[in-house]
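K.L.:
Hey, dropping entry_2.csv in here, CSV, N, CA and C atoms and all ligand atoms:
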chain,number,residue,atom,x,y,z
A,1,MET,N,102.0,113.8,117.6
A,1,MET,CA,103.1,112.8,117.2
A,1,MET,C,103.5,113.0,115.8
A,2,ILE,N,102.5,113.0,114.9
A,2,ILE,CA,102.8,113.2,113.5
A,2,ILE,C,103.4,114.6,113.3
A,3,ARG,N,102.8,115.6,114.0
A,3,ARG,CA,103.2,117.0,113.9
A,3,ARG,C,104.7,117.1,114.3
A,4,ASN,N,105.1,116.4,115.4
A,4,ASN,CA,106.5,116.5,115.8
A,4,ASN,C,107.4,115.8,114.8
A,5,SER,N,106.9,114.7,114.2
A,5,SER,CA,107.7,114.0,113.2
A,5,SER,C,108.0,114.9,112.0
A,6,ILE,N,106.9,115.6,111.6
A,6,ILE,CA,107.1,116.6,110.5
A,6,ILE,C,108.1,117.7,110.8
A,7,ILE,N,108.0,118.2,112.0
A,7,ILE,CA,109.0,119.2,112.4
A,7,ILE,C,110.4,118.7,112.5
A,8,VAL,N,110.6,117.5,113.0
A,8,VAL,CA,112.0,116.9,113.1
A,8,VAL,C,112.5,116.6,111.7
A,9,LEU,N,111.6,116.0,110.8
A,9,LEU,CA,112.0,115.7,109.5
A,9,LEU,C,112.3,117.0,108.7
A,10,SER,N,111.5,118.1,108.9
A,10,SER,CA,111.8,119.4,108.3
A,10,SER,C,113.1,120.0,108.7
A,11,ILE,N,113.4,119.8,110.0
A,11,ILE,CA,114.7,120.4,110.5
A,11,ILE,C,115.9,119.6,109.8
A,12,LEU,N,115.8,118.3,109.7
A,12,LEU,CA,116.8,117.5,109.0
A,12,LEU,C,116.9,117.9,107.6
A,13,LEU,N,115.8,118.2,106.9
A,13,LEU,CA,115.8,118.6,105.5
A,13,LEU,C,116.4,120.0,105.3
A,14,VAL,N,116.1,120.8,106.3
A,14,VAL,CA,116.7,122.2,106.3
A,14,VAL,C,118.2,122.1,106.3
A,15,VAL,N,118.7,121.3,107.2
A,15,VAL,CA,120.2,121.1,107.4
A,15,VAL,C,120.7,120.5,106.1
A,16,LEU,N,120.1,119.5,105.5
A,16,LEU,CA,120.5,118.8,104.3
A,16,LEU,C,120.5,119.8,103.1
A,17,ALA,N,119.4,120.5,102.9
A,17,ALA,CA,119.3,121.4,101.8
A,17,ALA,C,120.2,122.6,102.0
A,18,GLY,N,120.3,123.1,103.2
A,18,GLY,CA,121.3,124.2,103.4
A,18,GLY,C,122.7,123.8,103.2
A,19,GLY,N,123.0,122.6,103.7
A,19,GLY,CA,124.4,122.1,103.5
A,19,GLY,C,124.8,121.9,102.1
A,20,MET,N,123.8,121.4,101.3
A,20,MET,CA,124.0,121.2,99.9
A,20,MET,C,124.1,122.5,99.2
A,21,TRP,N,123.3,123.4,99.6
A,21,TRP,CA,123.3,124.8,99.0
A,21,TRP,C,124.7,125.4,99.1
A,22,ILE,N,125.3,125.3,100.3
A,22,ILE,CA,126.6,125.9,100.6
A,22,ILE,C,127.7,125.1,99.9
A,23,ALA,N,127.6,123.8,100.0
A,23,ALA,CA,128.6,122.9,99.4
A,23,ALA,C,128.6,123.0,97.9
A,24,SER,N,127.5,123.3,97.3
A,24,SER,CA,127.4,123.3,95.8
A,24,SER,C,128.2,124.4,95.2
A,25,PHE,N,128.6,125.4,96.0
A,25,PHE,CA,129.4,126.6,95.5
A,25,PHE,C,130.8,126.2,95.3
A,26,GLY,N,131.2,125.1,96.0
A,26,GLY,CA,132.6,124.7,95.9
A,26,GLY,C,132.9,124.0,94.5
A,27,SER,N,132.3,122.8,94.4
A,27,SER,CA,132.4,122.1,93.1
A,27,SER,C,131.2,121.3,92.9
A,28,ARG,N,131.0,120.8,91.7
A,28,ARG,CA,129.8,120.0,91.4
A,28,ARG,C,129.7,118.7,92.3
A,29,ILE,N,128.5,118.5,92.9
A,29,ILE,CA,128.3,117.3,93.7
A,29,ILE,C,127.3,116.4,92.9
A,30,THR,N,127.8,115.3,92.5
A,30,THR,CA,126.9,114.4,91.7
A,30,THR,C,126.2,113.4,92.6
A,31,ALA,N,124.9,113.5,92.7
A,31,ALA,CA,124.1,112.6,93.5
A,31,ALA,C,123.7,111.3,92.8
A,32,HIS,N,123.5,111.4,91.5
A,32,HIS,CA,123.1,110.3,90.8
A,32,HIS,C,123.6,110.4,89.4
A,33,SER,N,124.1,109.2,88.8
A,33,SER,CA,124.5,109.2,87.4
A,33,SER,C,124.3,107.8,86.9
A,34,SER,N,123.6,107.7,85.8
A,34,SER,CA,123.4,106.4,85.2
A,34,SER,C,123.1,106.6,83.7
A,35,ARG,N,123.3,105.5,83.0
A,35,ARG,CA,123.1,105.6,81.5
A,35,ARG,C,122.1,104.5,81.1
A,36,VAL,N,121.1,105.0,80.3
A,36,VAL,CA,120.2,104.1,79.8
A,36,VAL,C,120.1,104.4,78.3
A,37,GLY,N,120.5,103.4,77.4
A,37,GLY,CA,120.5,103.7,76.0
A,37,GLY,C,121.4,104.8,75.6
A,38,ASP,N,120.9,105.8,74.9
A,38,ASP,CA,121.7,107.0,74.5
A,38,ASP,C,121.6,108.1,75.5
A,39,PHE,N,120.9,107.9,76.6
A,39,PHE,CA,120.7,108.9,77.6
A,39,PHE,C,121.5,108.8,78.8
A,40,GLN,N,122.0,109.9,79.3
A,40,GLN,CA,122.7,110.0,80.6
A,40,GLN,C,121.8,110.7,81.5
A,41,TYR,N,121.5,110.0,82.7
A,41,TYR,CA,120.7,110.6,83.7
A,41,TYR,C,121.5,111.1,84.8
A,42,LEU,N,121.4,112.4,85.1
A,42,LEU,CA,122.2,113.0,86.2
A,42,LEU,C,121.4,113.8,87.2
A,43,VAL,N,121.8,113.7,88.4
A,43,VAL,CA,121.3,114.6,89.5
A,43,VAL,C,122.5,115.2,90.1
A,44,TYR,N,122.6,116.5,90.0
A,44,TYR,CA,123.8,117.1,90.6
A,44,TYR,C,123.5,118.5,91.1
A,45,PHE,N,124.4,119.0,92.0
A,45,PHE,CA,124.3,120.3,92.7
A,45,PHE,C,125.5,121.1,92.3
A,46,GLU,N,125.2,122.3,91.8
A,46,GLU,CA,126.3,123.1,91.3
A,46,GLU,C,125.9,124.6,91.4
A,47,SER,N,126.8,125.4,92.0
A,47,SER,CA,126.6,126.9,92.1
A,47,SER,C,125.3,127.2,92.7
A,48,GLY,N,124.9,126.5,93.7
A,48,GLY,CA,123.6,126.9,94.4
A,48,GLY,C,122.4,126.4,93.8
A,49,HIS,N,122.5,125.5,92.8
A,49,HIS,CA,121.4,125.0,92.1
A,49,HIS,C,121.3,123.5,92.1
A,50,CYS,N,120.1,122.9,91.9
A,50,CYS,CA,119.9,121.5,91.7
A,50,CYS,C,119.6,121.3,90.3
A,51,TYR,N,120.2,120.3,89.7
A,51,TYR,CA,120.0,120.0,88.3
A,51,TYR,C,119.5,118.5,88.1
A,52,LEU,N,118.4,118.3,87.4
A,52,LEU,CA,118.0,117.0,87.1
A,52,LEU,C,118.1,116.9,85.6
A,53,GLU,N,119.0,116.2,85.1
A,53,GLU,CA,119.3,116.2,83.7
A,53,GLU,C,119.2,114.9,83.0
A,54,LYS,N,118.6,114.9,81.9
A,54,LYS,CA,118.6,113.7,81.0
A,54,LYS,C,119.2,114.2,79.7
A,55,SER,N,120.3,113.7,79.3
A,55,SER,CA,120.9,114.3,78.1
A,55,SER,C,121.4,113.1,77.2
A,56,ASN,N,121.2,113.4,75.9
A,56,ASN,CA,121.6,112.4,74.9
A,56,ASN,C,123.2,112.6,74.8
A,57,ILE,N,123.8,111.4,74.9
A,57,ILE,CA,125.3,111.4,75.0
A,57,ILE,C,125.9,111.8,73.6
A,58,TRP,N,125.1,111.8,72.5
A,58,TRP,CA,125.7,112.1,71.2
A,58,TRP,C,125.4,113.6,70.9
A,59,VAL,N,124.7,114.3,71.8
A,59,VAL,CA,124.5,115.7,71.6
A,59,VAL,C,125.3,116.5,72.6
A,60,CYS,N,125.8,117.6,72.2
A,60,CYS,CA,126.6,118.4,73.2
A,60,CYS,C,125.7,119.0,74.3
A,61,SER,N,126.2,119.2,75.5
A,61,SER,CA,125.3,119.6,76.6
A,61,SER,C,124.9,121.0,76.4
A,62,PHE,N,123.8,121.4,77.2
A,62,PHE,CA,123.1,122.7,77.0
A,62,PHE,C,123.7,123.7,78.0
A,63,TRP,N,123.4,124.9,77.8
A,63,TRP,CA,123.7,125.9,78.7
A,63,TRP,C,122.4,126.5,79.2
A,64,TRP,N,122.2,126.5,80.6
A,64,TRP,CA,121.0,126.9,81.1
A,64,TRP,C,121.2,128.2,82.0
A,65,PRO,N,120.9,129.3,81.4
A,65,PRO,CA,121.2,130.6,82.1
A,65,PRO,C,120.2,130.9,83.2
A,66,ALA,N,119.0,130.5,83.2
A,66,ALA,CA,118.0,130.9,84.2
A,66,ALA,C,118.1,130.1,85.5
A,67,SER,N,117.8,130.7,86.6
A,67,SER,CA,117.8,130.0,87.9
A,67,SER,C,116.7,128.9,87.9
A,68,TRP,N,115.6,129.3,87.5
A,68,TRP,CA,114.5,128.3,87.4
A,68,TRP,C,114.3,127.9,86.0
A,69,TYR,N,114.4,126.6,85.7
A,69,TYR,CA,114.4,126.2,84.3
A,69,TYR,C,113.8,124.8,84.2
A,70,TRP,N,113.0,124.7,83.2
A,70,TRP,CA,112.5,123.4,82.8
A,70,TRP,C,112.3,123.3,81.3
A,71,GLU,N,112.9,122.4,80.7
A,71,GLU,CA,112.7,122.2,79.3
A,71,GLU,C,112.9,120.8,78.9
A,72,ASN,N,112.0,120.4,78.0
A,72,ASN,CA,112.1,119.1,77.4
A,72,ASN,C,112.5,119.2,75.9
A,73,ARG,N,113.7,118.8,75.5
A,73,ARG,CA,114.1,118.9,74.1
A,73,ARG,C,114.0,117.6,73.4
A,74,GLY,N,113.1,116.8,73.8
A,74,GLY,CA,112.9,115.5,73.1
A,74,GLY,C,114.1,114.6,73.1
A,75,LEU,N,114.6,114.4,71.8
A,75,LEU,CA,115.7,113.5,71.6
A,75,LEU,C,117.0,114.0,72.2
A,76,ALA,N,117.1,115.3,72.3
A,76,ALA,CA,118.4,115.9,72.9
A,76,ALA,C,118.4,115.7,74.4
A,77,GLY,N,117.3,115.6,75.0
A,77,GLY,CA,117.2,115.5,76.5
A,77,GLY,C,116.3,116.4,77.2
A,78,ALA,N,116.4,116.5,78.5
A,78,ALA,CA,115.5,117.3,79.3
A,78,ALA,C,116.2,117.8,80.5
A,79,MET,N,115.8,118.9,81.1
A,79,MET,CA,116.5,119.4,82.3
A,79,MET,C,115.5,120.1,83.1
A,80,ILE,N,115.7,119.9,84.4
A,80,ILE,CA,115.0,120.7,85.4
A,80,ILE,C,116.0,121.3,86.3
A,81,LYS,N,116.0,122.6,86.5
A,81,LYS,CA,117.0,123.3,87.3
A,81,LYS,C,116.2,124.3,88.2
A,82,PHE,N,116.6,124.2,89.5
A,82,PHE,CA,116.1,125.2,90.5
A,82,PHE,C,117.1,125.5,91.5
A,83,PRO,N,117.0,126.7,92.1
A,83,PRO,CA,117.9,127.1,93.1
A,83,PRO,C,117.7,126.4,94.4
A,84,LEU,N,118.8,126.0,95.1
A,84,LEU,CA,118.7,125.2,96.3
A,84,LEU,C,118.1,126.0,97.5
A,85,TRP,N,118.0,127.3,97.4
A,85,TRP,CA,117.4,128.1,98.5
A,85,TRP,C,115.9,127.8,98.6
A,86,ALA,N,115.4,127.4,97.5
A,86,ALA,CA,113.9,127.1,97.4
A,86,ALA,C,113.5,126.0,98.4
A,87,PRO,N,114.1,124.8,98.2
A,87,PRO,CA,113.7,123.7,99.2
A,87,PRO,C,114.2,124.1,100.6
A,88,PHE,N,115.3,124.8,100.7
A,88,PHE,CA,115.8,125.2,102.1
A,88,PHE,C,114.7,126.1,102.8
A,89,LEU,N,114.1,127.1,102.1
A,89,LEU,CA,113.1,127.9,102.6
A,89,LEU,C,111.8,127.2,102.9
A,90,MET,N,111.5,126.3,102.0
A,90,MET,CA,110.2,125.5,102.1
A,90,MET,C,110.3,124.6,103.4
A,91,PHE,N,111.4,124.0,103.6
A,91,PHE,CA,111.5,123.1,104.8
A,91,PHE,C,111.7,124.0,106.1
A,92,CYS,N,111.9,125.2,106.0
A,92,CYS,CA,112.0,126.1,107.1
A,92,CYS,C,110.6,126.4,107.7
A,93,ILE,N,109.6,126.3,106.8
A,93,ILE,CA,108.2,126.7,107.2
A,93,ILE,C,107.7,126.0,108.4
A,94,PRO,N,107.6,124.6,108.4
A,94,PRO,CA,107.1,123.9,109.6
A,94,PRO,C,107.8,124.2,110.9
A,95,PRO,N,109.1,124.2,111.0
A,95,PRO,CA,109.8,124.6,112.3
A,95,PRO,C,109.5,126.0,112.7
A,96,ALA,N,109.4,126.9,111.7
A,96,ALA,CA,109.2,128.3,112.0
A,96,ALA,C,107.7,128.5,112.6
A,97,VAL,N,106.8,127.8,112.0
A,97,VAL,CA,105.4,127.9,112.4
A,97,VAL,C,105.3,127.3,113.9
A,98,ALA,N,106.0,126.2,114.1
A,98,ALA,CA,106.0,125.6,115.4
A,98,ALA,C,106.6,126.5,116.5
A,99,PHE,N,107.6,127.2,116.1
A,99,PHE,CA,108.4,128.1,117.0
A,99,PHE,C,107.5,129.2,117.4
A,100,VAL,N,106.6,129.7,116.5
A,100,VAL,CA,105.8,130.9,116.8
A,100,VAL,C,104.5,130.5,117.5
A,101,GLN,N,104.0,129.3,117.1
A,101,GLN,CA,102.7,128.8,117.6
A,101,GLN,C,102.5,128.8,119.1
A,102,GLY,N,103.5,128.2,119.8
A,102,GLY,CA,103.5,128.0,121.3
A,102,GLY,C,103.3,129.3,122.0
A,103,PRO,N,104.2,130.2,121.9
A,103,PRO,CA,104.1,131.5,122.5
A,103,PRO,C,102.9,132.3,122.2
A,104,LEU,N,102.4,132.2,120.9
A,104,LEU,CA,101.2,132.9,120.4
A,104,LEU,C,100.0,132.3,121.2
A,105,ARG,N,99.9,131.0,121.3
A,105,ARG,CA,98.8,130.4,122.0
A,105,ARG,C,98.8,130.8,123.5
A,106,ARG,N,99.9,130.8,124.1
A,106,ARG,CA,100.0,131.2,125.5
A,106,ARG,C,99.6,132.6,125.7
A,107,TYR,N,100.0,133.5,124.8
A,107,TYR,CA,99.7,134.9,124.9
A,107,TYR,C,98.1,135.1,124.7
A,108,ARG,N,97.5,134.4,123.8
A,108,ARG,CA,96.1,134.4,123.5
A,108,ARG,C,95.3,133.9,124.7
A,109,ARG,N,95.7,132.8,125.3
A,109,ARG,CA,95.0,132.2,126.5
A,109,ARG,C,95.1,133.2,127.7
A,110,ARG,N,96.3,133.8,127.9
A,110,ARG,CA,96.5,134.7,129.0
A,110,ARG,C,95.5,135.9,128.9
A,111,ASN,N,95.4,136.4,127.7
A,111,ASN,CA,94.5,137.5,127.4
A,111,ASN,C,93.1,137.2,127.6
A,112,ARG,N,92.7,136.0,127.3
A,112,ARG,CA,91.3,135.5,127.5
A,112,ARG,C,91.0,135.0,128.8
A,113,ASN,N,92.0,135.1,129.7
A,113,ASN,CA,91.8,134.5,131.1
A,113,ASN,C,91.5,133.0,131.1
A,114,GLN,N,92.3,132.3,130.2
A,114,GLN,CA,92.1,130.9,130.1
A,114,GLN,C,93.4,130.2,130.7
A,115,CYS,N,93.2,129.0,131.1
A,115,CYS,CA,94.4,128.2,131.6
A,115,CYS,C,95.4,128.1,130.4
A,116,ILE,N,96.7,128.4,130.8
A,116,ILE,CA,97.7,128.4,129.7
A,116,ILE,C,98.0,127.0,129.2
A,117,GLN,N,97.9,126.1,130.1
A,117,GLN,CA,98.1,124.7,129.8
A,117,GLN,C,97.1,124.0,128.9
A,118,CYS,N,95.8,124.2,129.3
A,118,CYS,CA,94.7,123.5,128.6
A,118,CYS,C,93.7,124.3,127.9
A,119,GLY,N,93.7,125.6,128.2
A,119,GLY,CA,92.7,126.5,127.6
A,119,GLY,C,91.4,126.6,128.3
A,120,TYR,N,91.2,126.0,129.5
A,120,TYR,CA,90.0,126.0,130.2
A,120,TYR,C,89.8,127.4,130.8
A,121,SER,N,88.5,127.9,130.7
A,121,SER,CA,88.2,129.2,131.1
A,121,SER,C,88.4,129.4,132.7
A,122,LEU,N,89.1,130.4,133.1
A,122,LEU,CA,89.4,130.6,134.5
A,122,LEU,C,88.6,131.8,135.1
A,123,THR,N,87.6,132.2,134.3
A,123,THR,CA,86.8,133.3,134.8
A,123,THR,C,86.1,133.0,136.1
A,124,GLY,N,86.2,133.8,137.1
A,124,GLY,CA,85.6,133.5,138.4
A,124,GLY,C,86.3,132.5,139.2
A,125,ASN,N,87.5,132.1,138.8
A,125,ASN,CA,88.3,131.1,139.5
A,125,ASN,C,89.1,131.9,140.6
A,126,THR,N,88.9,131.5,141.8
A,126,THR,CA,89.6,132.2,142.9
A,126,THR,C,90.7,131.4,143.5
A,127,SER,N,90.7,130.1,143.3
A,127,SER,CA,91.7,129.2,143.9
A,127,SER,C,93.1,129.4,143.2
A,128,GLY,N,93.1,129.8,141.9
A,128,GLY,CA,94.3,130.0,141.2
A,128,GLY,C,94.9,128.7,140.7
A,129,ILE,N,94.0,127.6,140.8
A,129,ILE,CA,94.4,126.3,140.2
A,129,ILE,C,93.4,125.9,139.2
A,130,CYS,N,93.8,125.5,138.0
A,130,CYS,CA,92.9,125.1,137.0
A,130,CYS,C,92.2,123.8,137.4
A,131,PRO,N,90.8,123.8,137.4
A,131,PRO,CA,90.1,122.6,137.8
A,131,PRO,C,90.1,121.5,136.7
A,132,GLU,N,90.5,121.9,135.5
A,132,GLU,CA,90.6,120.9,134.4
A,132,GLU,C,91.9,120.1,134.4
A,133,CYS,N,93.0,120.8,134.6
A,133,CYS,CA,94.3,120.1,134.5
A,133,CYS,C,95.2,120.2,135.7
A,134,GLY,N,94.8,121.1,136.7
A,134,GLY,CA,95.5,121.2,137.9
A,134,GLY,C,96.7,122.2,137.9
A,135,MET,N,96.8,122.9,136.8
A,135,MET,CA,97.9,123.8,136.6
A,135,MET,C,97.7,125.1,137.5
A,136,GLN,N,98.8,125.5,138.1
A,136,GLN,CA,98.8,126.7,138.9
A,136,GLN,C,98.7,127.9,137.9
A,137,ALA,N,97.6,128.7,138.1
A,137,ALA,CA,97.4,129.8,137.1
A,137,ALA,C,98.3,131.0,137.5
A,201,ZN,ZN,94.2,123.8,132.7
Could you render the structure as structure tokens?
Ligand SMILES: [Zn+2]
P.N.:
Amino acid sequence: MIRNSIIVLSILLVVLAGGMWIASFGSRITAHSSRVGDFQYLVYFESGHCYLEKSNIWVCSFWWPASWYWENRGLAGAMIKFPLWAPFLMFCIPPAVAFVQGPLRRYRRRNRNQCIQCGYSLTGNTSGICPECGMQA
């Protein structure tokens, strides 16, 4: 149950991250913008990257050349920058594992002469029906 929830949630996040990744190449998408004192807090997506920025409004903005970047400039502000393909790939892992796991388990059970449904050993079984779960072998 929890496993399925993780897979469903991951698929949603894959779609979300992938969509943001593609959409960010068009124009800047601002997810959050607020001002506290002299600092502007921003979360935005641009050119395939996610930016978490805290910048002093009295200081001109920075240029961040690297794809992966983290820097705290104290009074000038701070920035975290990462490419959006990173969360996209990360959220791909649980669905990909689930996709491979089922066939792999069936293949392994078939080779060990176990019931495909429940894994019960069918060695010496002549009826062709699993005594554990009733599955037709
Ligand atoms: Zn069985």
K.L.:
Pick out the residues sitting within 6.5 Å of stretch 22-29 of chain A, and hand them over as a PyMOL selection string; count only N, CA and C atoms, and ignore anything fewer than 3 positions along from it in its own chain.
P.N.:
chain A and resi 17-19+32+43-49
K.L.:
List all protein, DNA and RNA residues that have any atom at most 8 Å from ligand ZN 201 (chain A), counting all atoms listed in the file, and write the list as a PDB file with N, CA and C atoms, in the frame of the given file.
P.N.:
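Now in part.pdb:
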ATOM      1  N   GLN A 114      92.300 132.300 130.200  1.00  0.00           N
ATOM      2  CA  GLN A 114      92.100 130.900 130.100  1.00  0.00           C
ATOM      3  C   GLN A 114      93.400 130.200 130.700  1.00  0.00           C
ATOM      4  N   CYS A 115      93.200 129.000 131.100  1.00  0.00           N
ATOM      5  CA  CYS A 115      94.400 128.200 131.600  1.00  0.00           C
ATOM      6  C   CYS A 115      95.400 128.100 130.400  1.00  0.00           C
ATOM      7  N   ILE A 116      96.700 128.400 130.800  1.00  0.00           N
ATOM      8  CA  ILE A 116      97.700 128.400 129.700  1.00  0.00           C
ATOM      9  C   ILE A 116      98.000 127.000 129.200  1.00  0.00           C
ATOM     10  N   GLN A 117      97.900 126.100 130.100  1.00  0.00           N
ATOM     11  CA  GLN A 117      98.100 124.700 129.800  1.00  0.00           C
ATOM     12  C   GLN A 117      97.100 124.000 128.900  1.00  0.00           C
ATOM     13  N   CYS A 118      95.800 124.200 129.300  1.00  0.00           N
ATOM     14  CA  CYS A 118      94.700 123.500 128.600  1.00  0.00           C
ATOM     15  C   CYS A 118      93.700 124.300 127.900  1.00  0.00           C
ATOM     16  N   GLY A 119      93.700 125.600 128.200  1.00  0.00           N
ATOM     17  CA  GLY A 119      92.700 126.500 127.600  1.00  0.00           C
ATOM     18  C   GLY A 119      91.400 126.600 128.300  1.00  0.00           C
ATOM     19  N   TYR A 120      91.200 126.000 129.500  1.00  0.00           N
ATOM     20  CA  TYR A 120      90.000 126.000 130.200  1.00  0.00           C
ATOM     21  C   TYR A 120      89.800 127.400 130.800  1.00  0.00           C
ATOM     22  N   SER A 121      88.500 127.900 130.700  1.00  0.00           N
ATOM     23  CA  SER A 121      88.200 129.200 131.100  1.00  0.00           C
ATOM     24  C   SER A 121      88.400 129.400 132.700  1.00  0.00           C
ATOM     25  N   ILE A 129      94.000 127.600 140.800  1.00  0.00           N
ATOM     26  CA  ILE A 129      94.400 126.300 140.200  1.00  0.00           C
ATOM     27  C   ILE A 129      93.400 125.900 139.200  1.00  0.00           C
ATOM     28  N   CYS A 130      93.800 125.500 138.000  1.00  0.00           N
ATOM     29  CA  CYS A 130      92.900 125.100 137.000  1.00  0.00           C
ATOM     30  C   CYS A 130      92.200 123.800 137.400  1.00  0.00           C
ATOM     31  N   PRO A 131      90.800 123.800 137.400  1.00  0.00           N
ATOM     32  CA  PRO A 131      90.100 122.600 137.800  1.00  0.00           C
ATOM     33  C   PRO A 131      90.100 121.500 136.700  1.00  0.00           C
ATOM     34  N   GLU A 132      90.500 121.900 135.500  1.00  0.00           N
ATOM     35  CA  GLU A 132      90.600 120.900 134.400  1.00  0.00           C
ATOM     36  C   GLU A 132      91.900 120.100 134.400  1.00  0.00           C
ATOM     37  N   CYS A 133      93.000 120.800 134.600  1.00  0.00           N
ATOM     38  CA  CYS A 133      94.300 120.100 134.500  1.00  0.00           C
ATOM     39  C   CYS A 133      95.200 120.200 135.700  1.00  0.00           C
ATOM     40  N   GLY A 134      94.800 121.100 136.700  1.00  0.00           N
ATOM     41  CA  GLY A 134      95.500 121.200 137.900  1.00  0.00           C
ATOM     42  C   GLY A 134      96.700 122.200 137.900  1.00  0.00           C
ATOM     43  N   MET A 135      96.800 122.900 136.800  1.00  0.00           N
ATOM     44  CA  MET A 135      97.900 123.800 136.600  1.00  0.00           C
ATOM     45  C   MET A 135      97.700 125.100 137.500  1.00  0.00           C
ATOM     46  N   GLN A 136      98.800 125.500 138.100  1.00  0.00           N
ATOM     47  CA  GLN A 136      98.800 126.700 138.900  1.00  0.00           C
ATOM     48  C   GLN A 136      98.700 127.900 137.900  1.00  0.00           C
TER      49      GLN A 136
END
K.L.:
Just the residues within 8 Å of A:Leu9, please, counting only N, CA and C atoms, with nothing from its chain fewer than 6 positions along; format it as a PyMOL selection string.
P.N.:
chain A and resi 3+15+91
K.L.:
Create the file for the chosen residues now, containing N, CA and C atoms and written as an mmCIF file, in the frame of the given file.
P.N.:
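Result saved to out26.cif:
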data_model
loop_
_atom_site.group_PDB
_atom_site.id
_atom_site.type_symbol
_atom_site.label_atom_id
_atom_site.label_comp_id
_atom_site.auth_asym_id
_atom_site.auth_seq_id
_atom_site.Cartn_x
_atom_site.Cartn_y
_atom_site.Cartn_z
ATOM 1 N N ARG A 3 102.800 115.600 114.000
ATOM 2 C CA ARG A 3 103.200 117.000 113.900
ATOM 3 C C ARG A 3 104.700 117.100 114.300
ATOM 4 N N VAL A 15 118.700 121.300 107.200
ATOM 5 C CA VAL A 15 120.200 121.100 107.400
ATOM 6 C C VAL A 15 120.700 120.500 106.100
ATOM 7 N N PHE A 91 111.400 124.000 103.600
ATOM 8 C CA PHE A 91 111.500 123.100 104.800
ATOM 9 C C PHE A 91 111.700 124.000 106.100
#
K.L.:
Please return as a ChimeraX atom specification: the residues of stretch 21-132 of chain A that backbone DSSP assigns to helix (DSSP H, G or I).
P.N.:
/A:21-23,74-76,85-111
K.L.:
Looking only at the backbone, which of the residues in chain A does DSSP tag as strand (DSSP E), as a VMD selection string?
P.N.:
chain A and resid 29 to 36 39 to 46 49 to 56 69 to 72 77 to 83
K.L.:
Between A:Met79, A:Ala86, A:Leu12, A:Asn125, which one has atoms that come closest to A:Leu52, using all atoms listed in the file?
P.N.:
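Distance minimum relative to A:Leu52 lands on A:Met79.
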K.L.:
One number please: atom N of A:Trp85 to atom C of A:Trp21, in Å, one decimal.
P.N.:
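Taking atom N of A:Trp85 as the start and atom C of A:Trp21 as the end point, the length is 7.2 Å.
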K.L.:
Mind pulling up the distance from atom CA of A:Tyr41 to atom CA of A:Trp58?
P.N.:
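Going from atom CA of A:Trp58 over to atom CA of A:Tyr41 covers 13.5 Å.
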K.L.:
I need the residue nearest A:Gln40 from this list: A:Asn4, A:Val97, A:Ala78, A:Asn72. Use only C-alpha atoms for the distance.
P.N.:
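For A:Gln40, the nearest of the given residues is A:Ala78.
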K.L.:
Could you pull the residues within 10 Å of A:Val8, counting only C-alpha atoms, minus those fewer than 5 positions along the same chain, as a ChimeraX atom specification?
P.N.:
/A:2-3,13-14,94-95
K.L.:
Rank nothing, just name the residue among A:Glu53, A:Lys81, A:Leu122, A:Pro87 nearest to A:Pro65, using only C-alpha atoms.
P.N.:
A:Lys81
K.L.:
Measure the distance from atom CA of A:Ser55 to atom C of A:Asp38 in Å and round it to one decimal.
P.N.:
6.8 Å
K.L.:
Return the single residue from A:Cys60, A:Leu42, A:Glu71, A:Cys50 that is closest to A:Met20, with distances computed using only C-alpha atoms.
P.N.:
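When distances to A:Met20 are compared using only C-alpha atoms, the smallest one comes from A:Cys50.
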K.L.:
Closest to A:Cys92 among A:Ala31, A:Ile11, A:Val59, A:Ala76, using only N, CA and C atoms?
P.N.:
A:Ile11
